[in-house]
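Novice: Provided herewith: protein-v3.txt, compact mmCIF, C-alpha atoms and all ligand atoms.
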```txt
# COMPACT_ATOMS: atom_id res chain seq x y z
CA MET E 238 -15.20 -20.09 -7.02
CA ILE E 239 -13.38 -17.20 -5.34
CA ASP E 240 -11.51 -14.96 -7.76
CA VAL E 241 -9.67 -11.65 -7.79
CA ALA E 242 -9.92 -9.45 -10.88
CA VAL E 243 -6.73 -7.39 -10.74
CA LEU E 244 -8.44 -4.74 -12.91
CA PRO E 245 -12.10 -4.15 -13.81
CA THR E 246 -11.21 -5.10 -17.41
CA TRP E 247 -10.34 -8.62 -16.18
CA LEU E 248 -13.95 -9.16 -15.15
CA ASP E 249 -15.85 -12.01 -16.67
CA ALA E 250 -19.12 -10.14 -17.28
CA ALA E 251 -21.01 -13.42 -17.66
CA ALA E 252 -20.10 -14.41 -14.08
CA LEU E 253 -21.37 -11.15 -12.54
CA ALA E 254 -25.09 -11.95 -12.37
CA ASP E 255 -24.42 -14.92 -10.13
CA ALA E 256 -21.74 -13.28 -8.00
CA GLN E 257 -21.19 -11.41 -4.79
CA VAL E 258 -18.65 -8.74 -5.69
CA VAL E 259 -16.37 -6.53 -3.63
CA VAL E 260 -14.95 -3.39 -5.26
CA LEU E 261 -11.58 -2.32 -3.84
CA ASP E 262 -9.88 1.02 -4.27
CA VAL E 263 -7.80 1.09 -1.11
CA LEU E 264 -6.11 4.42 -2.08
CA ARG E 265 -8.51 5.96 -1.56
CA ALA E 266 -12.10 5.80 -2.84
CA SER E 267 -13.13 2.65 -0.95
CA SER E 268 -11.50 3.90 2.24
CA THR E 269 -13.26 7.25 1.90
CA ILE E 270 -16.67 5.65 1.26
CA VAL E 271 -16.30 3.32 4.25
CA THR E 272 -15.13 6.18 6.49
CA ALA E 273 -18.04 8.42 5.43
CA LEU E 274 -20.57 5.68 6.22
CA ALA E 275 -18.86 4.76 9.50
CA HIS E 276 -19.03 8.44 10.45
CA GLY E 277 -22.78 8.64 9.89
CA ALA E 278 -23.32 9.56 6.23
CA ALA E 279 -26.73 8.28 5.16
CA GLU E 280 -25.35 7.10 1.83
CA VAL E 281 -22.64 7.67 -0.77
CA ARG E 282 -23.78 7.90 -4.40
CA LEU E 283 -21.19 7.10 -7.03
CA PHE E 284 -20.79 8.94 -10.34
CA ALA E 285 -18.45 8.45 -13.29
CA ASN E 286 -17.50 12.10 -13.68
CA PRO E 287 -17.67 15.50 -11.95
CA GLU E 288 -20.34 16.76 -14.38
CA ALA E 289 -22.73 14.01 -13.27
CA VAL E 290 -22.12 15.00 -9.64
CA ARG E 291 -22.84 18.66 -10.42
CA THR E 292 -26.06 17.71 -12.23
CA ALA E 293 -27.20 15.56 -9.29
CA ARG E 294 -26.41 18.35 -6.86
CA GLN E 295 -28.32 20.94 -8.89
CA ALA E 296 -31.37 18.67 -9.06
CA TRP E 297 -31.15 17.81 -5.35
CA PRO E 298 -34.59 18.28 -3.75
CA ALA E 299 -34.56 20.92 -1.01
CA ALA E 300 -36.67 18.63 1.17
CA GLU E 301 -34.01 15.89 1.17
CA ALA E 302 -31.18 15.60 3.66
CA GLN E 303 -28.08 17.61 2.83
CA ALA E 304 -26.05 16.61 -0.26
CA ILE E 305 -22.25 16.99 -0.11
CA THR E 306 -20.11 16.81 -3.23
CA GLY E 307 -16.81 14.95 -2.99
CA GLY E 308 -14.08 13.44 -5.11
CA GLU E 309 -10.81 13.99 -6.86
CA ARG E 310 -8.99 14.28 -10.12
CA GLY E 311 -5.22 13.89 -9.98
CA CYS E 312 -5.61 13.16 -6.21
CA LEU E 313 -6.84 16.73 -5.62
CA LYS E 314 -10.27 18.17 -4.78
CA ILE E 315 -12.40 18.95 -7.83
CA SER E 316 -13.05 22.65 -8.39
CA GLY E 317 -16.27 23.77 -6.68
CA PHE E 318 -16.71 20.53 -4.72
CA ASP E 319 -17.21 20.52 -0.95
CA LEU E 320 -14.67 17.79 -0.19
CA GLY E 321 -11.77 15.97 -1.81
CA ASN E 322 -11.08 12.23 -1.58
CA SER E 323 -9.29 12.07 1.75
CA PRO E 324 -10.95 9.95 4.45
CA ALA E 325 -9.76 12.60 6.92
CA GLU E 326 -12.25 15.11 5.50
CA TYR E 327 -15.26 12.86 6.09
CA THR E 328 -15.61 13.51 9.81
CA PRO E 329 -18.84 12.92 11.73
CA ASP E 330 -19.56 16.64 12.08
CA VAL E 331 -19.30 17.07 8.28
CA VAL E 332 -21.09 13.98 6.96
CA SER E 333 -23.50 12.83 9.63
CA GLY E 334 -26.97 12.39 8.09
CA ALA E 335 -25.81 13.67 4.68
CA THR E 336 -25.72 12.06 1.25
CA VAL E 337 -22.28 12.23 -0.35
CA LEU E 338 -22.18 12.55 -4.15
CA LEU E 339 -18.78 11.15 -5.09
CA SER E 340 -16.69 10.88 -8.25
CA THR E 341 -13.11 9.62 -8.30
CA THR E 342 -10.75 8.68 -11.11
CA ASN E 343 -10.75 4.91 -10.73
CA GLY E 344 -12.77 3.82 -7.71
CA THR E 345 -16.24 5.02 -8.60
CA ARG E 346 -15.74 3.80 -12.18
CA ALA E 347 -14.86 0.32 -10.91
CA ALA E 348 -18.09 0.29 -8.92
CA LEU E 349 -20.01 1.28 -12.04
CA ALA E 350 -18.31 -1.56 -13.97
CA VAL E 351 -19.83 -4.24 -11.72
CA ARG E 352 -23.45 -3.10 -12.02
CA GLY E 353 -25.58 -6.17 -12.57
CA ALA E 354 -23.83 -8.30 -9.96
CA ARG E 355 -26.08 -10.07 -7.45
CA ASP E 356 -24.57 -8.26 -4.46
CA ILE E 357 -22.04 -5.42 -4.52
CA TYR E 358 -19.90 -4.37 -1.56
CA ILE E 359 -17.22 -1.72 -1.15
CA GLY E 360 -14.15 -3.08 0.58
CA CYS E 361 -10.77 -1.91 1.81
CA LEU E 362 -8.37 -2.60 4.64
CA LEU E 363 -10.57 -0.63 7.06
CA ASN E 364 -13.49 -3.06 6.79
CA ALA E 365 -11.77 -6.24 5.55
CA GLU E 366 -12.91 -8.51 8.38
CA ALA E 367 -16.52 -7.23 8.39
CA THR E 368 -16.72 -7.66 4.62
CA ALA E 369 -15.23 -11.16 4.84
CA ALA E 370 -17.88 -12.16 7.40
CA THR E 371 -20.65 -11.07 5.02
CA LEU E 372 -19.10 -12.94 2.08
CA LEU E 373 -18.65 -16.07 4.18
CA ALA E 374 -22.39 -16.43 4.64
CA ASN E 375 -22.88 -16.69 0.87
CA LEU E 376 -19.80 -18.57 -0.35
CA ASP E 377 -21.92 -21.45 -1.58
CA ARG E 378 -24.23 -19.21 -3.65
CA GLY E 379 -22.51 -18.58 -7.00
CA HIS E 380 -19.16 -16.88 -7.31
CA THR E 381 -17.25 -14.48 -5.08
CA LEU E 382 -15.34 -11.84 -7.05
CA LEU E 383 -12.98 -9.29 -5.53
CA VAL E 384 -12.48 -6.52 -8.09
CA ALA E 385 -9.45 -4.25 -7.82
CA ALA E 386 -9.95 -0.75 -9.24
CA GLY E 387 -6.29 -0.32 -10.19
CA THR E 388 -4.89 3.02 -11.28
CA ASP E 389 -5.47 4.26 -14.83
CA GLY E 390 -5.57 0.72 -16.21
CA LYS E 391 -2.56 -0.49 -14.23
CA VAL E 392 -2.61 -3.04 -11.43
CA ALA E 393 -2.36 -1.39 -8.00
CA LEU E 394 -0.48 -3.10 -5.17
CA GLU E 395 -2.73 -1.68 -2.46
CA ASP E 396 -5.91 -3.07 -4.04
CA LEU E 397 -4.39 -6.55 -4.16
CA LEU E 398 -3.43 -6.21 -0.50
CA GLY E 399 -7.03 -5.20 0.31
CA ALA E 400 -8.35 -8.24 -1.57
CA GLY E 401 -5.78 -10.40 0.20
CA ALA E 402 -6.89 -9.07 3.59
CA ILE E 403 -10.48 -10.11 2.90
CA LEU E 404 -9.36 -13.56 1.74
CA TRP E 405 -7.13 -13.87 4.81
CA HIS E 406 -10.11 -13.30 7.09
CA ILE E 407 -12.27 -15.71 5.11
CA LEU E 408 -9.70 -18.49 5.33
CA GLU E 409 -9.02 -17.72 8.98
CA SER E 410 -12.70 -18.36 9.73
CA THR E 411 -13.26 -21.49 7.70
CA TYR E 412 -11.24 -24.64 7.36
CA ARG E 413 -13.21 -25.94 4.40
CA ALA E 414 -10.95 -27.79 2.02
CA ASP E 415 -13.48 -27.51 -0.82
CA LEU E 416 -13.19 -23.72 -1.26
CA ALA E 417 -11.84 -23.10 -4.77
CA LEU E 418 -9.58 -20.05 -5.02
CA THR E 419 -8.08 -19.04 -8.36
CA ASP E 420 -4.32 -18.51 -8.58
CA THR E 421 -4.90 -14.74 -8.63
CA ALA E 422 -6.83 -15.03 -5.39
CA TRP E 423 -3.98 -17.04 -3.85
CA LEU E 424 -1.50 -14.40 -5.02
CA ALA E 425 -3.47 -11.66 -3.26
CA TYR E 426 -3.78 -13.82 -0.14
CA HIS E 427 -0.04 -14.47 0.05
CA ALA E 428 0.86 -10.86 -0.75
CA PHE E 429 -1.23 -9.69 2.21
CA GLY E 430 0.27 -12.37 4.45
CA ALA E 431 3.76 -11.15 3.61
CA VAL E 432 3.14 -7.54 4.72
CA LYS E 433 0.21 -7.67 7.14
CA LYS E 434 2.38 -6.55 10.05
CA ARG E 435 3.70 -3.52 8.16
CA LEU E 436 0.81 -2.28 6.02
CA PRO E 437 1.63 1.47 6.27
CA ALA E 438 5.12 0.77 4.92
CA ALA E 439 3.78 -1.52 2.19
CA LEU E 440 1.31 1.13 0.98
CA ARG E 441 4.14 3.65 0.74
CA LEU E 442 6.03 1.42 -1.70
CA GLY E 443 3.37 1.11 -4.41
CA ALA E 444 2.82 3.61 -7.23
CA GLY E 445 -0.50 4.75 -5.71
CA GLY E 446 1.21 5.47 -2.39
CA GLN E 447 4.01 7.31 -4.14
CA ASN E 448 1.44 9.46 -6.00
CA LEU E 449 -0.20 10.47 -2.73
CA ILE E 450 3.18 11.27 -1.14
CA ARG E 451 4.02 13.50 -4.12
CA ALA E 452 0.64 15.23 -3.74
CA GLY E 453 1.41 16.00 -0.06
CA LEU E 454 -1.16 13.47 1.18
CA GLU E 455 1.11 10.95 2.93
CA SER E 456 -0.95 10.91 6.13
CA ASP E 457 -3.80 9.31 4.16
CA LEU E 458 -1.63 6.21 3.76
CA ASP E 459 -1.71 5.57 7.50
CA ARG E 460 -5.47 6.13 7.60
CA CYS E 461 -6.07 3.72 4.72
CA ALA E 462 -3.74 1.10 6.23
CA ALA E 463 -5.65 0.86 9.54
CA LEU E 464 -6.79 -2.76 9.23
CA ASN E 465 -10.33 -3.40 10.53
CA SER E 466 -10.58 0.04 12.12
CA GLN E 467 -14.04 0.71 10.58
CA PRO E 468 -15.86 -2.61 11.01
CA ILE E 469 -18.87 -1.90 8.82
CA VAL E 470 -20.28 -3.52 5.69
CA ALA E 471 -20.84 -1.09 2.80
CA GLN E 472 -23.33 -2.37 0.22
CA ALA E 473 -24.25 -0.73 -3.11
CA HIS E 474 -27.69 -0.84 -4.72
CA GLY E 475 -29.14 0.71 -7.86
CA ASP E 476 -27.87 2.85 -10.68
CA PRO E 477 -26.15 5.20 -10.00
CA PRO E 478 -24.91 2.99 -7.17
CA ARG E 479 -26.05 4.11 -3.73
CA VAL E 480 -23.74 2.75 -1.05
CA MET E 481 -25.17 2.32 2.43
CA ARG E 482 -24.26 0.54 5.62
CA SER E 483 -25.61 -2.96 5.52
CA GLN E 484 -27.16 -4.29 8.71
CA LYS E 485 -26.01 -7.84 7.87
C1 LIG E 501 -9.30 6.85 -7.49
O1 LIG E 501 -10.51 6.59 -7.48
O2 LIG E 501 -8.64 6.85 -8.51
C2 LIG E 501 -8.57 7.12 -6.20
O3 LIG E 501 -9.41 7.08 -5.13
C3 LIG E 501 -7.64 8.30 -6.36
C4 LIG E 501 -7.24 8.97 -5.06
O4 LIG E 501 -6.50 8.41 -4.26
O5 LIG E 501 -7.69 10.06 -4.79
```
Show how you would write the structure in this file as structure tokens.
Ligand code: MLT
Specialist:
Amino acid sequence: MIDVAVLPTWLDAAALADAQVVVLDVLRASSTIVTALAHGAAEVRLFANPEAVRTARQAWPAAEAQAITGGERGCLKISGFDLGNSPAEYTPDVVSGATVLLSTTNGTRAALAVRGARDIYIGCLLNAEATAATLLANLDRGHTLLVAAGTDGKVALEDLLGAGAILWHILESTYRADLALTDTAWLAYHAFGAVKKRLPAALRLGAGGQNLIRAGLESDLDRCAALNSQPIVAQAHGDPPRVMRSQK
């Protein structure tokens, strides 16, 4: 079965152990994680709150590669952190070879909510096709769950569009009539199909896009709308989740 959980609270915890899961926070945590890895970060570690990031940074062994703190609260950089949550900040000269210690309001928490799943990926519009290709190889092994982070417990348009983009690429590549999609998965698929030629405009219309515009971060909407511009697979392992580029 292929399903979309429109919020982490919609998850059927019992289905997780036998599932490949994609966590989507298109604006912006997933897009930032994927950009950091595409630009050479060794890994991105995910934390529920800024205090946990600070603790990890303080305990960081001097012998290890550089640790960079990143994340946001209220869309803005957390006091004392190196970077905020804009993909634009995670350039190759800043992140190459480094480990990013990241905490965001909804995205990193959604990733923490799916711990225990068989395979966990971080997805967004930037890596939709690459993520779909990885899921395709395992569609017959248990469930496939696309989990939208949402915003403060509310469904977020952009996360459903990200889930729909992945489903679009899956269905584009396979003509199997036996693939069972839930109605929520079909909704995400059709929502993406309706706006796939005007994603930057669509992101501007949702509440998450409006929040970023109000915070003076409108250019991030274009970055996060760039479909398949970072064709990597981002896979999370362990607790706290460590996200790395998968070679699959
Ligand atoms: C989040 O995790 O809530 C988002 O990534 C917020 C943001 O856009 O900075």
Novice: Give me, as JSON lines, each residue of region 259-291 of chain E that comes within 12 Å of region 389-406 of chain E, together with its shortest interatomic pair and the distance in Å at one decimal, counting all atoms listed in the file, with rows ordered by chain and rising residue number.
Specialist:
```
{"residue": "E:Val259", "atom": "CA", "partner": "E:Ala400", "partner_atom": "CA", "distance": 8.5}
{"residue": "E:Val260", "atom": "CA", "partner": "E:Ala400", "partner_atom": "CA", "distance": 9.0}
{"residue": "E:Leu261", "atom": "CA", "partner": "E:Asp396", "partner_atom": "CA", "distance": 5.7}
{"residue": "E:Asp262", "atom": "CA", "partner": "E:Asp396", "partner_atom": "CA", "distance": 5.7}
{"residue": "E:Val263", "atom": "CA", "partner": "E:Asp396", "partner_atom": "CA", "distance": 5.4}
{"residue": "E:Leu264", "atom": "CA", "partner": "E:Glu395", "partner_atom": "CA", "distance": 7.0}
{"residue": "E:Arg265", "atom": "CA", "partner": "E:Glu395", "partner_atom": "CA", "distance": 9.6}
{"residue": "E:Ala266", "atom": "CA", "partner": "E:Asp396", "partner_atom": "CA", "distance": 10.9}
{"residue": "E:Ser267", "atom": "CA", "partner": "E:Asp396", "partner_atom": "CA", "distance": 9.7}
{"residue": "E:Ser268", "atom": "CA", "partner": "E:Gly399", "partner_atom": "CA", "distance": 10.3}
```
Novice: List all protein, DNA and RNA residues that have any atom at most 9 Å from ligand LIG 501 (chain E), counting all atoms listed in the file, and write the list as a ChimeraX atom specification.
Specialist: /E:262-269,308-314,321-323,340-347,386-389,445-446,448-449,457
Novice: Go ahead and find all residues with at least one atom no further than 12 Å from (-26.4, -2.5, -3.3) in the file's coordinates, using only C-alpha atoms; report them as a PyMOL selection string.
Specialist: chain E and resi 257-260+280-283+348-349+351-359+470-483
Novice: So, counting all atoms listed in the file, which residue among E:Leu416, E:Val432, E:Ala350, E:Ala325 is closest to Leu458 (chain E)?
Specialist: E:Ala325
Novice: Counting only C-alpha atoms, which residues of region 327-443 of chain E sit at most 10 Å from some atom of region 290-307 of chain E, and what is each one's closest atom pair with its distance in Å to one decimal, listed by chain and rising residue number, as a tab-separated table?
Specialist:
```
residue	atom	partner	partner_atom	distance
E:Tyr327	CA	E:Gly307	CA	9.4
E:Val331	CA	E:Ile305	CA	8.9
E:Val332	CA	E:Ile305	CA	7.8
E:Ser333	CA	E:Gln303	CA	9.5
E:Gly334	CA	E:Ala302	CA	6.9
E:Ala335	CA	E:Gln303	CA	4.9
E:Thr336	CA	E:Ala304	CA	4.8
E:Val337	CA	E:Ile305	CA	4.8
E:Leu338	CA	E:Thr306	CA	4.8
E:Leu339	CA	E:Gly307	CA	4.8
E:Ser340	CA	E:Gly307	CA	6.7
E:Thr341	CA	E:Gly307	CA	8.4
```
Novice: Using all atoms listed in the file, which residue out of E:Asn364, E:Thr381, E:Thr371, E:Asn286 lies closest to Leu253 (chain E)?
Specialist: E:Thr381
Novice: For Thr328 (chain E), please output as a PyMOL selection string all residues within 10 Å (counting all atoms listed in the file; exclusion window: fewer than 2 positions along the same chain).
Specialist: chain E and resi 272-278+324-326+330-333
Novice: Kindly give the distance, in Å, that separates CA of Pro468 (chain E) and CA of Ala367 (chain E), rounded to a single decimal.
Specialist: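 Between these atoms lies a distance of 5.4 Å.
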Novice: Between CA of Cys461 (chain E) and CA of Ala374 (chain E), what is the spacing in Å?
Specialist: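 These atoms are spaced 25.9 Å apart.
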Novice: Pick from E:Ala417, E:Leu436, E:Val243, E:Ala254: nearest to Leu376 (chain E), with all atoms listed in the file counted?
Specialist: E:Ala417
Novice: Of the candidates E:Arg413, E:Arg441, E:Arg378, E:Lys434, which shows the shortest atom-to-atom distance to Leu454 (chain E), using all atoms listed in the file?
Specialist: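 For Leu454 (chain E), the nearest of the candidates is E:Arg441.
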